[in-house]
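Enquirer: Just so it is clear, I am handing over model_8.cif, which has mmCIF, C-alpha atoms and all ligand atoms.
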data_run
loop_
_atom_site.label_atom_id
_atom_site.label_comp_id
_atom_site.auth_asym_id
_atom_site.auth_seq_id
_atom_site.Cartn_x
_atom_site.Cartn_y
_atom_site.Cartn_z
CA MET A 1 76.59 114.62 101.96
CA PHE A 2 79.18 114.88 104.75
CA ALA A 3 76.52 115.33 107.44
CA THR A 4 74.74 112.25 106.13
CA THR A 5 77.97 110.24 106.11
CA ILE A 6 78.86 111.24 109.66
CA ALA A 7 75.33 110.50 110.89
CA SER A 8 75.37 107.08 109.26
CA GLN A 9 78.84 106.32 110.65
CA LEU A 10 77.64 107.17 114.17
CA TYR A 11 74.60 105.02 113.63
CA ASP A 12 76.77 102.11 112.46
CA ALA A 13 79.08 102.49 115.43
CA ALA A 14 76.12 102.38 117.81
CA LEU A 15 74.66 99.42 115.97
CA ALA A 16 77.96 97.51 116.03
CA LEU A 17 77.93 97.64 119.84
CA VAL A 18 74.58 95.92 119.92
CA TYR A 19 74.99 93.58 116.95
CA PRO A 20 78.63 92.68 116.27
CA GLN A 21 79.07 92.38 112.50
CA ALA A 22 79.96 89.06 110.89
CA CYS A 23 82.97 89.03 108.53
CA ALA A 24 81.76 88.97 104.91
CA VAL A 25 84.54 86.51 104.06
CA CYS A 26 84.67 83.97 106.91
CA GLY A 27 81.73 84.79 109.19
CA ALA A 28 83.83 85.48 112.33
CA SER A 29 82.97 88.67 114.18
CA VAL A 30 84.56 91.92 113.06
CA ASP A 31 86.11 93.54 116.13
CA SER A 32 87.01 96.93 114.67
CA ARG A 33 84.63 98.95 112.55
CA HIS A 34 87.70 100.44 110.85
CA ASP A 35 88.15 97.04 109.19
CA GLY A 36 84.82 97.44 107.38
CA VAL A 37 83.13 94.19 106.36
CA ALA A 38 86.08 91.82 106.91
CA CYS A 39 87.82 90.63 110.08
CA GLU A 40 91.45 91.20 111.01
CA THR A 41 92.40 87.60 110.08
CA CYS A 42 90.90 87.91 106.59
CA TRP A 43 92.62 91.26 106.06
CA ASN A 44 95.93 89.69 107.03
CA ALA A 45 95.33 86.84 104.56
CA THR A 46 94.56 89.22 101.66
CA ARG A 47 97.44 89.86 99.31
CA LEU A 48 98.26 93.55 99.22
CA PHE A 49 101.15 94.99 97.24
CA THR A 50 104.09 96.46 99.08
CA GLU A 51 107.16 98.37 98.02
CA ASP A 52 109.02 95.07 97.83
CA ASP A 53 106.83 93.70 95.02
CA THR A 54 108.06 93.89 91.44
CA LEU A 55 105.25 95.31 89.31
CA CYS A 56 105.04 96.37 85.69
CA TRP A 57 106.16 99.98 86.12
CA LYS A 58 103.46 101.17 83.77
CA CYS A 59 100.29 99.18 84.49
CA GLY A 60 101.12 97.72 87.90
CA ALA A 61 100.70 94.07 86.83
CA PHE A 62 102.27 91.76 89.38
CA THR A 63 105.37 89.87 88.31
CA ALA A 64 106.99 87.11 90.29
CA ALA A 65 110.42 88.43 89.28
CA THR A 66 112.75 89.92 91.84
CA VAL A 67 114.36 93.05 90.50
CA SER A 68 116.58 95.38 92.48
CA GLN A 69 115.07 98.70 93.53
CA ASN A 70 117.10 100.80 91.08
CA ARG A 71 115.92 98.74 88.07
CA ARG A 72 112.19 98.69 88.87
CA GLU A 73 111.41 101.52 86.43
CA ARG A 74 112.42 99.28 83.53
CA VAL A 75 110.03 96.43 84.36
CA ARG A 76 107.24 96.06 81.77
CA CYS A 77 104.59 93.34 81.34
CA GLY A 78 104.56 93.78 77.54
CA LYS A 79 100.74 93.99 77.40
CA CYS A 80 100.07 97.60 78.33
CA ASP A 81 101.91 99.63 75.67
CA ASP A 82 98.65 100.92 74.14
CA LEU A 83 97.13 102.13 77.38
CA ALA A 84 97.01 105.93 77.62
CA PHE A 85 97.98 106.46 81.27
CA ASN A 86 101.55 106.91 82.53
CA GLY A 87 101.34 104.56 85.48
CA ALA A 88 98.71 102.51 87.28
CA ARG A 89 98.75 100.81 90.66
CA ALA A 90 96.28 98.77 92.68
CA CYS A 91 96.35 98.13 96.42
CA GLY A 92 96.18 94.38 95.93
CA PHE A 93 94.47 91.44 94.29
CA TYR A 94 90.70 91.23 93.97
CA GLU A 95 90.25 88.60 96.67
CA GLY A 96 89.38 88.03 100.32
CA ALA A 97 88.84 91.14 102.44
CA LEU A 98 89.61 93.51 99.56
CA ARG A 99 87.01 91.90 97.29
CA ALA A 100 84.39 91.92 100.07
CA SER A 101 85.13 95.60 100.76
CA ILE A 102 84.79 96.53 97.07
CA LEU A 103 81.45 94.73 96.80
CA GLU A 104 80.26 96.46 99.97
CA LEU A 105 81.35 99.83 98.59
CA LYS A 106 78.89 99.37 95.72
CA ARG A 107 76.09 98.99 98.28
CA GLN A 108 77.05 101.39 101.09
CA PRO A 109 78.57 104.84 100.57
CA GLN A 110 81.22 104.43 103.25
CA VAL A 111 84.96 104.01 102.88
CA GLY A 112 86.38 102.02 105.79
CA ARG A 113 89.42 103.48 107.47
CA ARG A 114 91.60 100.48 106.68
CA LEU A 115 90.67 100.64 102.99
CA ALA A 116 91.43 104.37 102.85
CA ARG A 117 94.82 103.85 104.52
CA PHE A 118 95.86 101.19 102.01
CA MET A 119 94.95 103.46 99.14
CA PHE A 120 96.72 106.40 100.72
CA ALA A 121 99.86 104.30 101.20
CA ALA A 122 99.73 103.20 97.54
CA MET A 123 99.44 106.77 96.27
CA GLN A 124 102.56 107.78 98.18
CA ARG A 125 104.72 105.35 96.21
CA GLU A 126 106.42 106.06 92.89
CA PRO A 127 105.33 106.92 90.25
CA LEU A 128 101.94 107.99 91.64
CA ASN A 129 103.43 110.31 94.25
CA SER A 130 104.11 113.07 91.70
CA ALA A 131 100.37 113.60 91.10
CA ASP A 132 98.98 117.02 91.99
CA LEU A 133 95.25 116.63 91.27
CA ILE A 134 92.75 113.89 92.14
CA ILE A 135 89.92 112.94 89.77
CA SER A 136 87.58 109.95 90.03
CA VAL A 137 86.32 107.95 87.07
CA PRO A 138 82.74 109.18 86.69
CA LEU A 139 79.72 106.92 86.53
CA HIS A 140 77.08 107.69 83.94
CA PRO A 141 74.55 110.03 85.61
CA SER A 142 71.74 107.48 85.24
CA ARG A 143 73.86 104.78 86.90
CA GLU A 144 74.79 107.19 89.70
CA ARG A 145 71.11 108.08 90.26
CA GLU A 146 70.27 104.40 90.41
CA ARG A 147 72.96 103.67 92.99
CA GLY A 148 72.75 107.00 94.78
CA PHE A 149 76.50 107.56 94.76
CA ASN A 150 79.71 106.87 92.83
CA GLN A 151 82.05 104.61 94.79
CA ALA A 152 85.13 105.93 92.93
CA ALA A 153 84.17 109.48 93.93
CA LEU A 154 83.93 108.39 97.58
CA LEU A 155 87.45 106.96 97.39
CA ALA A 156 88.71 110.12 95.69
CA HIS A 157 87.17 112.31 98.42
CA GLU A 158 88.82 110.23 101.10
CA LEU A 159 92.22 110.40 99.39
CA ALA A 160 91.95 114.15 98.90
CA ARG A 161 91.20 114.52 102.60
CA LEU A 162 94.17 112.36 103.63
CA SER A 163 96.67 113.75 101.12
CA HIS A 164 95.51 117.41 101.02
CA LEU A 165 95.71 117.25 97.23
CA PRO A 166 92.99 119.15 95.37
CA LEU A 167 90.00 117.18 94.12
CA ASP A 168 88.32 117.90 90.81
CA ASP A 169 84.96 116.13 90.70
CA HIS A 170 83.35 118.08 87.88
CA SER A 171 85.75 118.32 84.92
CA VAL A 172 85.41 114.79 83.56
CA VAL A 173 81.99 113.50 82.52
CA ARG A 174 80.74 110.16 81.28
CA ARG A 175 78.61 110.56 78.18
CA VAL A 176 77.68 106.97 77.41
CA HIS A 177 76.27 104.25 79.58
CA THR A 178 78.42 101.12 79.31
CA GLU A 179 78.45 97.74 80.96
CA ARG A 180 81.74 97.84 82.77
CA HIS A 181 82.47 94.18 83.29
CA ARG A 182 80.67 92.36 80.55
CA ALA A 183 81.58 88.69 80.54
CA GLY A 184 83.37 87.33 77.51
CA MET A 185 84.84 90.64 76.40
CA ASP A 186 88.50 90.53 75.48
CA SER A 187 90.73 93.56 75.86
CA VAL A 188 90.09 94.80 72.31
CA ALA A 189 86.31 94.56 72.76
CA ARG A 190 86.54 96.36 76.09
CA ARG A 191 88.66 99.11 74.58
CA LYS A 192 86.13 99.63 71.78
CA SER A 193 83.25 99.66 74.26
CA VAL A 194 84.74 102.58 76.21
CA ALA A 195 86.01 104.67 73.27
CA GLY A 196 84.33 108.06 73.33
CA VAL A 197 82.72 107.41 76.71
CA PHE A 198 84.44 110.24 78.59
CA ALA A 199 84.76 113.95 77.92
CA VAL A 200 86.53 116.80 79.71
CA ARG A 201 84.19 119.71 80.38
CA HIS A 202 86.75 122.11 81.78
CA PRO A 203 90.10 121.58 80.02
CA ASP A 204 91.61 124.59 81.84
CA SER A 205 91.26 122.74 85.16
CA VAL A 206 93.35 119.78 84.02
CA ALA A 207 95.84 121.39 81.60
CA GLY A 208 99.40 121.02 82.83
CA ARG A 209 98.32 118.91 85.82
CA ARG A 210 99.58 115.51 86.88
CA VAL A 211 96.31 113.74 87.49
CA LEU A 212 95.68 110.82 89.82
CA LEU A 213 92.65 109.02 88.45
CA ILE A 214 90.71 106.92 90.97
CA ASP A 215 88.55 103.86 90.31
CA ASP A 216 87.59 100.82 92.35
CA VAL A 217 88.83 97.96 90.15
CA PHE A 218 91.39 97.75 87.34
CA THR A 219 90.33 94.99 84.96
CA THR A 220 91.98 95.34 81.53
CA GLY A 221 92.72 99.02 82.03
CA ALA A 222 90.46 99.96 79.09
CA THR A 223 88.15 102.21 81.12
CA VAL A 224 90.87 104.17 82.92
CA SER A 225 92.89 104.35 79.69
CA SER A 226 89.94 105.88 77.85
CA CYS A 227 89.53 108.40 80.66
CA ALA A 228 93.30 109.11 80.69
CA ALA A 229 93.23 109.71 76.93
CA VAL A 230 90.67 112.52 77.15
CA LEU A 231 92.54 114.07 80.08
CA LYS A 232 95.74 114.09 78.01
CA ASP A 233 93.89 115.53 75.02
CA ALA A 234 92.73 118.28 77.35
CA GLY A 235 96.36 119.03 78.24
CA ALA A 236 97.03 116.97 81.37
CA GLU A 237 100.79 116.48 81.64
CA GLU A 238 100.61 112.99 83.09
CA VAL A 239 97.84 110.68 84.20
CA PHE A 240 98.30 108.08 86.92
CA VAL A 241 95.71 105.57 88.03
CA LEU A 242 94.99 104.17 91.46
CA THR A 243 92.46 101.42 92.10
CA LEU A 244 91.69 99.21 95.06
CA ALA A 245 92.28 95.95 93.24
CA ARG A 246 93.23 94.16 90.07
CA PRO A 247 91.82 90.71 89.48
CA GLU A 248 94.52 88.56 88.01
CA ARG A 249 97.28 86.66 89.66
CA TYR A 250 100.08 86.01 87.19
ZN ZN A 301 87.10 86.92 108.28
ZN ZN A 302 102.03 96.50 82.10
#
Could you express the structure from this file as structure tokens?
Expert:
Amino acid sequence: MFATTIASQLYDAALALVYPQACAVCGASVDSRHDGVACETCWNATRLFTEDDTLCWKCGAFTAATVSQNRRERVRCGKCDDLAFNGARACGFYEGALRASILELKRQPQVGRRLARFMFAAMQREPLNSADLIISVPLHPSRERERGFNQAALLAHELARLSHLPLDDHSVVRRVHTERHRAGMDSVARRKSVAGVFAVRHPDSVAGRRVLLIDDVFTTGATVSSCAAVLKDAGAEEVFVLTLARPERY
């Protein structure tokens, strides 16, 4: 897989010299291939979370409140008490360059350097920075065959490479095929739809670990919560979640 990725990256680089790529958001030309499918201007206009943002300490929901650094751990949105993970963070809102990159990642198995750096920066912040094992949310095998790859696994690989944390891409399996973003589903319906979807094949590999679970988008948190629940049942000490984006602006 790595040889294929490198070959395709070289091919893209050569191609970009001949045919400059148009930004997927605004149509201007993309000057650096590290920016992926969006141009510098669109990246700068995309809202990404920083250490200065006040987020729900548990689920990472954005709040407009300004809370001093030493009180951040007490901030809660009030909607995430039932979710099984210990803490979740996204790089930013599902919009602009981030949205275009996520859509592209479903089509092309390549993680742009800029995207990887944002994710790496997010995983170095509290509370995610205490994780000691990286696991991606698995796709159902039939979905993965259809697409040819799992975009969450690509992100997890990239983060393991950057952080030098171990990657476990075999312990968690997806047993049931679900529609991940079915329209009209409220949070209860989503939670029901993902109950029993995941299983841990090798509990010994996750027991006592502080897992960083990787997915592309955090919607209601039902999917990652269901995955976190089986990891905890298997003995994981804590489960954190990192995604590229979350959709809502509060
Ligand atoms: Zn643009
Ligand atoms: Zn919350």
Enquirer: Per residue of chain A within 7 Å of ligand ZN 301 (chain A), note the shortest atom pair and the distance in Å to one decimal, counting only C-alpha atoms and all ligand atoms, and order the rows by chain and increasing residue number, as CSV.
Expert:
residue,atom,partner,partner_atom,distance
A:Cys23,CA,A:ZN301,ZN,4.6
A:Ala24,CA,A:ZN301,ZN,6.6
A:Val25,CA,A:ZN301,ZN,5.0
A:Cys26,CA,A:ZN301,ZN,4.1
A:Gly27,CA,A:ZN301,ZN,5.8
A:Ala28,CA,A:ZN301,ZN,5.4
A:Ala38,CA,A:ZN301,ZN,5.2
A:Cys39,CA,A:ZN301,ZN,4.2
A:Glu40,CA,A:ZN301,ZN,6.7
A:Thr41,CA,A:ZN301,ZN,5.6
A:Cys42,CA,A:ZN301,ZN,4.3
Enquirer: Can you tell me how far atom CA of Leu242 of chain A sits from atom CA of Ala7 of chain A, in Å to one decimal?
Expert: 28.4 Å
Enquirer: Give me, as a count of residues only, the set of residues whose atoms come within 12 Å of any atom of ligand ZN 302 (chain A), counting all atoms listed in the file.
Expert: 31
Enquirer: Quick one: pull the distance between atom CA of Leu155 of chain A and atom CA of Gly235 of chain A, Å, one decimal.
Expert: 24.3 Å
Enquirer: Can you pull out every residue within 10 Å of Met123 of chain A, counting all atoms listed in the file, but drop anything in the same chain fewer than 6 positions away, and send it as a ChimeraX atom specification?
Expert: /A:88-91,117,129-131,159,163,212,240-243
Enquirer: For atom CA of Pro203 of chain A and atom CA of Leu231 of chain A, quote the distance in Å rounded to one decimal.
Expert: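 Atom CA of Leu231 of chain A lies at a distance of 7.9 Å from atom CA of Pro203 of chain A.
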Enquirer: Smallest atom-to-atom distance to Gln21 of chain A: which of A:Arg175, A:His34, A:Arg125, A:Arg72, using all atoms listed in the file?
Expert: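 So, comparing all the options, the nearest one is A:His34.
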Enquirer: Kindly extract all protein, DNA and RNA residues lying within 10 Å of the coordinates (78.1, 104.5, 101.9) given in the file, considering only C-alpha atoms, and supply them as a list in words.
Expert: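 Final list of nearby residues, as requested, is Thr4, Thr5, Ser8, Gln9, Glu104, Leu105, Lys106, Arg107, Gln108, Pro109, Gln110, Val111, Gly112, Gly148, Phe149, Asn150, Gln151 and Leu154 of chain A.
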